[in-house]
$ cat work.pdb   # PDB, C-alpha atoms
ATOM      1  CA  MET A 994     112.412  68.470  93.547  1.00  0.00           C
ATOM      2  CA  PRO A 995     111.476  70.477  96.655  1.00  0.00           C
ATOM      3  CA  GLU A 996     108.650  72.985  96.435  1.00  0.00           C
ATOM      4  CA  PRO A 997     109.914  76.578  96.149  1.00  0.00           C
ATOM      5  CA  ARG A 998     109.831  78.616  99.341  1.00  0.00           C
ATOM      6  CA  PRO A 999     107.179  81.364  99.487  1.00  0.00           C
ATOM      7  CA  ARG A1000     108.816  84.696  98.617  1.00  0.00           C
ATOM      8  CA  ILE A1001     108.203  87.657 100.931  1.00  0.00           C
ATOM      9  CA  VAL A1002     109.212  91.315 100.777  1.00  0.00           C
ATOM     10  CA  VAL A1003     109.446  93.008 104.198  1.00  0.00           C
ATOM     11  CA  ALA A1004     109.369  96.813 104.067  1.00  0.00           C
ATOM     12  CA  ASP A1005     110.019  98.984 107.101  1.00  0.00           C
ATOM     13  CA  ASP A1006     111.948 102.234 107.396  1.00  0.00           C
ATOM     14  CA  GLU A1007     113.303 100.935 110.701  1.00  0.00           C
ATOM     15  CA  GLN A1008     116.075  98.758 109.278  1.00  0.00           C
ATOM     16  CA  ILE A1009     116.450  96.647 112.418  1.00  0.00           C
ATOM     17  CA  ILE A1010     112.770  95.666 112.235  1.00  0.00           C
ATOM     18  CA  ALA A1011     112.881  94.846 108.521  1.00  0.00           C
ATOM     19  CA  ASN A1012     116.113  92.859 108.890  1.00  0.00           C
ATOM     20  CA  THR A1013     114.922  90.994 111.984  1.00  0.00           C
ATOM     21  CA  LEU A1014     111.619  90.009 110.385  1.00  0.00           C
ATOM     22  CA  ALA A1015     113.431  88.829 107.253  1.00  0.00           C
ATOM     23  CA  VAL A1016     115.818  86.675 109.336  1.00  0.00           C
ATOM     24  CA  ILE A1017     112.933  85.171 111.324  1.00  0.00           C
ATOM     25  CA  LEU A1018     110.983  84.419 108.151  1.00  0.00           C
ATOM     26  CA  ASN A1019     114.020  82.941 106.376  1.00  0.00           C
ATOM     27  CA  LYS A1020     114.706  80.648 109.339  1.00  0.00           C
ATOM     28  CA  ALA A1021     111.027  79.596 109.248  1.00  0.00           C
ATOM     29  CA  GLY A1022     111.277  78.419 105.639  1.00  0.00           C
ATOM     30  CA  PHE A1023     110.344  81.517 103.667  1.00  0.00           C
ATOM     31  CA  ASP A1024     112.520  83.381 101.140  1.00  0.00           C
ATOM     32  CA  ALA A1025     112.310  86.868 102.688  1.00  0.00           C
ATOM     33  CA  ARG A1026     114.048  90.061 101.591  1.00  0.00           C
ATOM     34  CA  ALA A1027     114.187  93.289 103.607  1.00  0.00           C
ATOM     35  CA  VAL A1028     113.895  96.790 102.161  1.00  0.00           C
ATOM     36  CA  TYR A1029     113.677 100.106 103.952  1.00  0.00           C
ATOM     37  CA  SER A1030     111.142 102.137 101.970  1.00  0.00           C
ATOM     38  CA  GLY A1031     107.981 101.774  99.955  1.00  0.00           C
ATOM     39  CA  GLU A1032     109.835 102.812  96.828  1.00  0.00           C
ATOM     40  CA  LYS A1033     112.436 100.051  97.296  1.00  0.00           C
ATOM     41  CA  ALA A1034     109.652  97.535  97.986  1.00  0.00           C
ATOM     42  CA  ILE A1035     108.015  98.361  94.657  1.00  0.00           C
ATOM     43  CA  GLU A1036     111.365  98.041  92.845  1.00  0.00           C
ATOM     44  CA  LEU A1037     112.015  94.649  94.439  1.00  0.00           C
ATOM     45  CA  VAL A1038     108.492  93.382  93.737  1.00  0.00           C
ATOM     46  CA  GLU A1039     109.047  93.990  90.015  1.00  0.00           C
ATOM     47  CA  SER A1040     112.032  91.634  89.887  1.00  0.00           C
ATOM     48  CA  PHE A1041     111.475  89.263  92.853  1.00  0.00           C
ATOM     49  CA  LYS A1042     107.749  88.599  92.238  1.00  0.00           C
ATOM     50  CA  PRO A1043     106.911  87.819  95.894  1.00  0.00           C
ATOM     51  CA  ASN A1044     103.955  85.823  97.146  1.00  0.00           C
ATOM     52  CA  MET A1045     103.545  88.337  99.974  1.00  0.00           C
ATOM     53  CA  LEU A1046     104.379  91.889 100.986  1.00  0.00           C
ATOM     54  CA  ILE A1047     104.660  92.777 104.667  1.00  0.00           C
ATOM     55  CA  SER A1048     104.932  96.514 105.093  1.00  0.00           C
ATOM     56  CA  ASP A1049     104.948  99.115 107.815  1.00  0.00           C
ATOM     57  CA  VAL A1050     102.235 101.685 107.139  1.00  0.00           C
ATOM     58  CA  ILE A1051     103.984 104.895 108.210  1.00  0.00           C
ATOM     59  CA  MET A1052     107.242 105.410 106.312  1.00  0.00           C
ATOM     60  CA  PRO A1053     108.936 108.468 104.787  1.00  0.00           C
ATOM     61  CA  GLY A1054     108.187 108.885 101.105  1.00  0.00           C
ATOM     62  CA  ILE A1055     105.281 106.726 100.075  1.00  0.00           C
ATOM     63  CA  THR A1056     103.270 105.022 102.814  1.00  0.00           C
ATOM     64  CA  GLY A1057     102.873 101.305 103.200  1.00  0.00           C
ATOM     65  CA  ILE A1058      99.295 101.615 101.985  1.00  0.00           C
ATOM     66  CA  GLU A1059     100.400 103.428  98.820  1.00  0.00           C
ATOM     67  CA  THR A1060     103.021 100.709  98.413  1.00  0.00           C
ATOM     68  CA  ALA A1061     100.388  97.995  98.902  1.00  0.00           C
ATOM     69  CA  ILE A1062      98.094  99.555  96.291  1.00  0.00           C
ATOM     70  CA  ALA A1063     100.960  99.782  93.774  1.00  0.00           C
ATOM     71  CA  VAL A1064     101.952  96.175  94.455  1.00  0.00           C
ATOM     72  CA  ARG A1065      98.347  94.986  94.147  1.00  0.00           C
ATOM     73  CA  LYS A1066      98.138  96.662  90.709  1.00  0.00           C
ATOM     74  CA  MET A1067     101.466  95.118  89.591  1.00  0.00           C
ATOM     75  CA  LEU A1068     100.978  91.682  91.104  1.00  0.00           C
ATOM     76  CA  PRO A1069      97.295  91.028  91.944  1.00  0.00           C
ATOM     77  CA  SER A1070      98.026  87.584  93.432  1.00  0.00           C
ATOM     78  CA  CYS A1071     100.496  88.975  95.993  1.00  0.00           C
ATOM     79  CA  LYS A1072      99.083  88.766  99.505  1.00  0.00           C
ATOM     80  CA  ILE A1073      99.542  91.900 101.567  1.00  0.00           C
ATOM     81  CA  LEU A1074      99.931  92.279 105.309  1.00  0.00           C
ATOM     82  CA  LEU A1075     100.427  95.727 106.819  1.00  0.00           C
ATOM     83  CA  PHE A1076     101.584  96.549 110.323  1.00  0.00           C
ATOM     84  CA  SER A1077     101.800  99.742 112.309  1.00  0.00           C
ATOM     85  CA  GLY A1078     102.336 101.017 115.798  1.00  0.00           C
ATOM     86  CA  GLN A1079     100.563 104.316 115.159  1.00  0.00           C
ATOM     87  CA  ALA A1080      96.897 105.151 115.550  1.00  0.00           C
ATOM     88  CA  SER A1081      97.020 107.513 112.553  1.00  0.00           C
ATOM     89  CA  THR A1082      96.814 104.558 110.177  1.00  0.00           C
ATOM     90  CA  ALA A1083      93.002 104.375 110.454  1.00  0.00           C
ATOM     91  CA  ASN A1084      92.639 107.419 108.194  1.00  0.00           C
ATOM     92  CA  LEU A1085      95.007 105.928 105.612  1.00  0.00           C
ATOM     93  CA  LEU A1086      93.098 102.628 105.665  1.00  0.00           C
ATOM     94  CA  GLU A1087      89.840 104.506 105.087  1.00  0.00           C
ATOM     95  CA  GLN A1088      91.383 106.248 102.078  1.00  0.00           C
ATOM     96  CA  ALA A1089      92.420 102.844 100.669  1.00  0.00           C
ATOM     97  CA  ARG A1090      88.892 101.466 101.259  1.00  0.00           C
ATOM     98  CA  ALA A1091      87.466 104.454  99.391  1.00  0.00           C
ATOM     99  CA  GLN A1092      89.608 103.371  96.425  1.00  0.00           C
ATOM    100  CA  GLY A1093      88.321  99.796  96.687  1.00  0.00           C
ATOM    101  CA  TYR A1094      91.265  98.213  98.549  1.00  0.00           C
ATOM    102  CA  GLU A1095      91.072  96.170 101.743  1.00  0.00           C
ATOM    103  CA  PHE A1096      94.245  95.222 103.595  1.00  0.00           C
ATOM    104  CA  GLU A1097      94.819  93.276 106.776  1.00  0.00           C
ATOM    105  CA  ILE A1098      96.729  95.204 109.417  1.00  0.00           C
ATOM    106  CA  LEU A1099      98.609  93.964 112.458  1.00  0.00           C
ATOM    107  CA  THR A1100      99.352  96.199 115.416  1.00  0.00           C
ATOM    108  CA  LYS A1101     102.988  96.594 116.469  1.00  0.00           C
ATOM    109  CA  PRO A1102     104.681  95.162 118.350  1.00  0.00           C
ATOM    110  CA  VAL A1103     104.082  91.762 116.785  1.00  0.00           C
ATOM    111  CA  HIS A1104     105.545  88.807 118.650  1.00  0.00           C
ATOM    112  CA  PRO A1105     107.625  86.694 116.199  1.00  0.00           C
ATOM    113  CA  SER A1106     105.809  83.452 117.015  1.00  0.00           C
ATOM    114  CA  ASP A1107     102.436  85.133 116.410  1.00  0.00           C
ATOM    115  CA  LEU A1108     103.694  86.561 113.127  1.00  0.00           C
ATOM    116  CA  LEU A1109     104.862  83.129 111.971  1.00  0.00           C
ATOM    117  CA  VAL A1110     101.485  81.584 112.785  1.00  0.00           C
ATOM    118  CA  ARG A1111      99.811  84.336 110.743  1.00  0.00           C
ATOM    119  CA  MET A1112     102.340  83.973 107.891  1.00  0.00           C
ATOM    120  CA  HIS A1113     101.802  80.236 107.581  1.00  0.00           C
ATOM    121  CA  ALA A1114      98.026  80.762 107.610  1.00  0.00           C
ATOM    122  CA  VAL A1115      98.241  83.383 104.873  1.00  0.00           C
ATOM    123  CA  ALA A1116     100.710  81.303 102.848  1.00  0.00           C
ATOM    124  CA  SER A1117      98.325  78.351 102.908  1.00  0.00           C
ATOM    125  CA  ASP A1118      95.286  80.524 102.086  1.00  0.00           C
ATOM    126  CA  HIS A1119      94.734  80.237  98.348  1.00  0.00           C
ATOM    127  CA  SER A1120      91.671  82.480  98.202  1.00  0.00           C
ATOM    128  CA  GLY A1121      93.696  85.622  97.448  1.00  0.00           C
ATOM    129  CA  GLN A1122      91.202  87.702  99.426  1.00  0.00           C
ATOM    130  CA  GLU A1123      92.465  90.132 102.014  1.00  0.00           C
ATOM    131  CA  SER A1124      90.679  90.206 105.332  1.00  0.00           C
ATOM    132  CA  GLU A1125      88.894  93.290 106.639  1.00  0.00           C
ATOM    133  CA  ARG A1126      89.584  92.479 110.274  1.00  0.00           C
ATOM    134  CA  SER A1127      92.313  94.104 112.284  1.00  0.00           C
ATOM    135  CA  LEU A1128      94.396  91.788 114.426  1.00  0.00           C
ATOM    136  CA  SER A1129      96.260  92.846 117.531  1.00  0.00           C
ATOM    137  CA  PHE A1130      99.092  90.650 118.774  1.00  0.00           C
ATOM    138  CA  ARG A1131     101.245  90.899 121.909  1.00  0.00           C
TER     139      ARG A1131
END

$ encode --input "work.pdb" --output "structure tokens"
Amino acid sequence: MPEPRPRIVVADDEQIIANTLAVILNKAGFDARAVYSGEKAIELVESFKPNMLISDVIMPGITGIETAIAVRKMLPSCKILLFSGQASTANLLEQARAQGYEFEILTKPVHPSDLLVRMHAVASDHSGQESERSLSFR
């Protein structure tokens, strides 16, 4: 029996970005689902039980960081990767650190091939620890 595909929730209020990332990830062998808000991501995490959450940081309603914290509380083994194209995320990341949370963040735009390399690395990382470093891709 084949091994189950890693499950990923992609959250971005820009639907085209969320949908495109989900398509790319699905074609690369993941089971990815797109949602368009932090609230919808949390709802989906409850039923889908993903291995990973990829979320934009700045979204209407709850931020990607608030979403990540909620997901971490619900599903501690879920890996979390945040991405943002806005400089204002540094303050939000500091607030998360003050609460004891560390999340890896990628800078938009992320080239699909670079994202896939990162996704496969995270999927094969069984440590469950989130990195403190910030990565910037093309």

$ resolve_selection --input "work.pdb" --expression "the PyMOL selection byres ((chain A and resi 999) around 7)" --output "PyMOL selection string"
chain A and resi 997-998+1000-1001+1023-1024+1044

$ atom_distance --input "work.pdb" --atom1 "atom CA of Gln1088 of chain A" --atom2 "atom CA of Asp1107 of chain A"
27.8 Å

$ closest_residue --input "work.pdb" --among "A:Ile1062, A:Ala1027, A:Val1038, A:Met1052" --to "Gly1093 of chain A" --atoms "only C-alpha atoms"
A:Ile1062

$ resolve_selection --input "work.pdb" --expression "the PyMOL selection byres ((chain A and resi 1101) around 7)" --output "PyMOL selection string"
chain A and resi 1076-1078+1099-1100+1102-1103

$ resolve_selection --input "work.pdb" --expression "the PyMOL selection byres ((chain A and resi 1058) around 12)" --output "PyMOL selection string"
chain A and resi 1004+1030-1032+1034-1035+1046-1052+1054-1057+1059-1065+1073-1077+1082-1090+1092+1094-1098

$ atom_distance --input "work.pdb" --atom1 "atom CA of Asp1006 of chain A" --atom2 "atom CA of Ser1070 of chain A"
24.6 Å

$ residues_near_point --input "work.pdb" --point "(107.3, 80.9, 111.3)" --cutoff "8 Å" --atoms "all atoms listed in the file" --output "JSON, numbers by chain"
{"A": [1017, 1018, 1020, 1021, 1022, 1105, 1106, 1108, 1109, 1110, 1112, 1113]}

$ atom_distance --input "work.pdb" --atom1 "atom CA of Ile1009 of chain A" --atom2 "atom CA of Leu1068 of chain A"
26.8 Å

$ closest_residue --input "work.pdb" --among "A:Ala1114, A:Leu1014, A:Met1067, A:Val1002" --to "Arg1026 of chain A" --atoms "only C-alpha atoms"
A:Val1002

$ build_atoms --input "work.pdb" --residues "segment 1039-1058 of chain A" --atoms "N, CA and C atoms" --output "mmCIF file, keeping the file's coordinate frame"
data_model
loop_
_atom_site.group_PDB
_atom_site.id
_atom_site.type_symbol
_atom_site.label_atom_id
_atom_site.label_comp_id
_atom_site.auth_asym_id
_atom_site.auth_seq_id
_atom_site.Cartn_x
_atom_site.Cartn_y
_atom_site.Cartn_z
ATOM 1 N N GLU A 1039 108.979 94.137 91.477
ATOM 2 C CA GLU A 1039 109.047 93.990 90.015
ATOM 3 C C GLU A 1039 109.960 92.843 89.597
ATOM 4 N N SER A 1040 111.079 92.677 90.285
ATOM 5 C CA SER A 1040 112.032 91.634 89.887
ATOM 6 C C SER A 1040 111.887 90.338 90.676
ATOM 7 N N PHE A 1041 111.524 90.419 91.949
ATOM 8 C CA PHE A 1041 111.475 89.263 92.853
ATOM 9 C C PHE A 1041 110.154 88.503 92.762
ATOM 10 N N LYS A 1042 109.088 89.194 92.374
ATOM 11 C CA LYS A 1042 107.749 88.599 92.238
ATOM 12 C C LYS A 1042 107.347 87.818 93.496
ATOM 13 N N PRO A 1043 107.209 88.515 94.639
ATOM 14 C CA PRO A 1043 106.911 87.819 95.894
ATOM 15 C C PRO A 1043 105.482 87.286 95.950
ATOM 16 N N ASN A 1044 105.295 86.323 96.846
ATOM 17 C CA ASN A 1044 103.955 85.823 97.146
ATOM 18 C C ASN A 1044 103.270 86.732 98.159
ATOM 19 N N MET A 1045 104.093 87.485 98.928
ATOM 20 C CA MET A 1045 103.545 88.337 99.974
ATOM 21 C C MET A 1045 104.407 89.573 100.194
ATOM 22 N N LEU A 1046 103.732 90.656 100.540
ATOM 23 C CA LEU A 1046 104.379 91.889 100.986
ATOM 24 C C LEU A 1046 103.951 92.117 102.424
ATOM 25 N N ILE A 1047 104.924 92.337 103.301
ATOM 26 C CA ILE A 1047 104.660 92.777 104.667
ATOM 27 C C ILE A 1047 105.264 94.168 104.754
ATOM 28 N N SER A 1048 104.433 95.145 105.097
ATOM 29 C CA SER A 1048 104.932 96.514 105.093
ATOM 30 C C SER A 1048 104.428 97.309 106.285
ATOM 31 N N ASP A 1049 105.338 98.115 106.835
ATOM 32 C CA ASP A 1049 104.948 99.115 107.815
ATOM 33 C C ASP A 1049 104.057 100.115 107.079
ATOM 34 N N VAL A 1050 103.129 100.727 107.777
ATOM 35 C CA VAL A 1050 102.235 101.685 107.139
ATOM 36 C C VAL A 1050 102.892 103.060 107.050
ATOM 37 N N ILE A 1051 103.433 103.540 108.164
ATOM 38 C CA ILE A 1051 103.984 104.895 108.210
ATOM 39 C C ILE A 1051 105.482 104.844 107.920
ATOM 40 N N MET A 1052 105.835 105.332 106.720
ATOM 41 C CA MET A 1052 107.242 105.410 106.312
ATOM 42 C C MET A 1052 107.436 106.725 105.573
ATOM 43 N N PRO A 1053 108.663 107.271 105.591
ATOM 44 C CA PRO A 1053 108.936 108.468 104.787
ATOM 45 C C PRO A 1053 108.749 108.141 103.307
ATOM 46 N N GLY A 1054 108.452 109.136 102.526
ATOM 47 C CA GLY A 1054 108.187 108.885 101.105
ATOM 48 C C GLY A 1054 106.774 108.353 100.963
ATOM 49 N N ILE A 1055 106.624 107.279 100.230
ATOM 50 C CA ILE A 1055 105.281 106.726 100.075
ATOM 51 C C ILE A 1055 104.957 105.813 101.255
ATOM 52 N N THR A 1056 103.697 105.824 101.664
ATOM 53 C CA THR A 1056 103.270 105.022 102.814
ATOM 54 C C THR A 1056 103.182 103.549 102.432
ATOM 55 N N GLY A 1057 103.058 102.732 103.440
ATOM 56 C CA GLY A 1057 102.873 101.305 103.200
ATOM 57 C C GLY A 1057 101.581 101.007 102.459
ATOM 58 N N ILE A 1058 100.560 101.816 102.692
ATOM 59 C CA ILE A 1058 99.295 101.615 101.985
ATOM 60 C C ILE A 1058 99.456 101.974 100.514
#
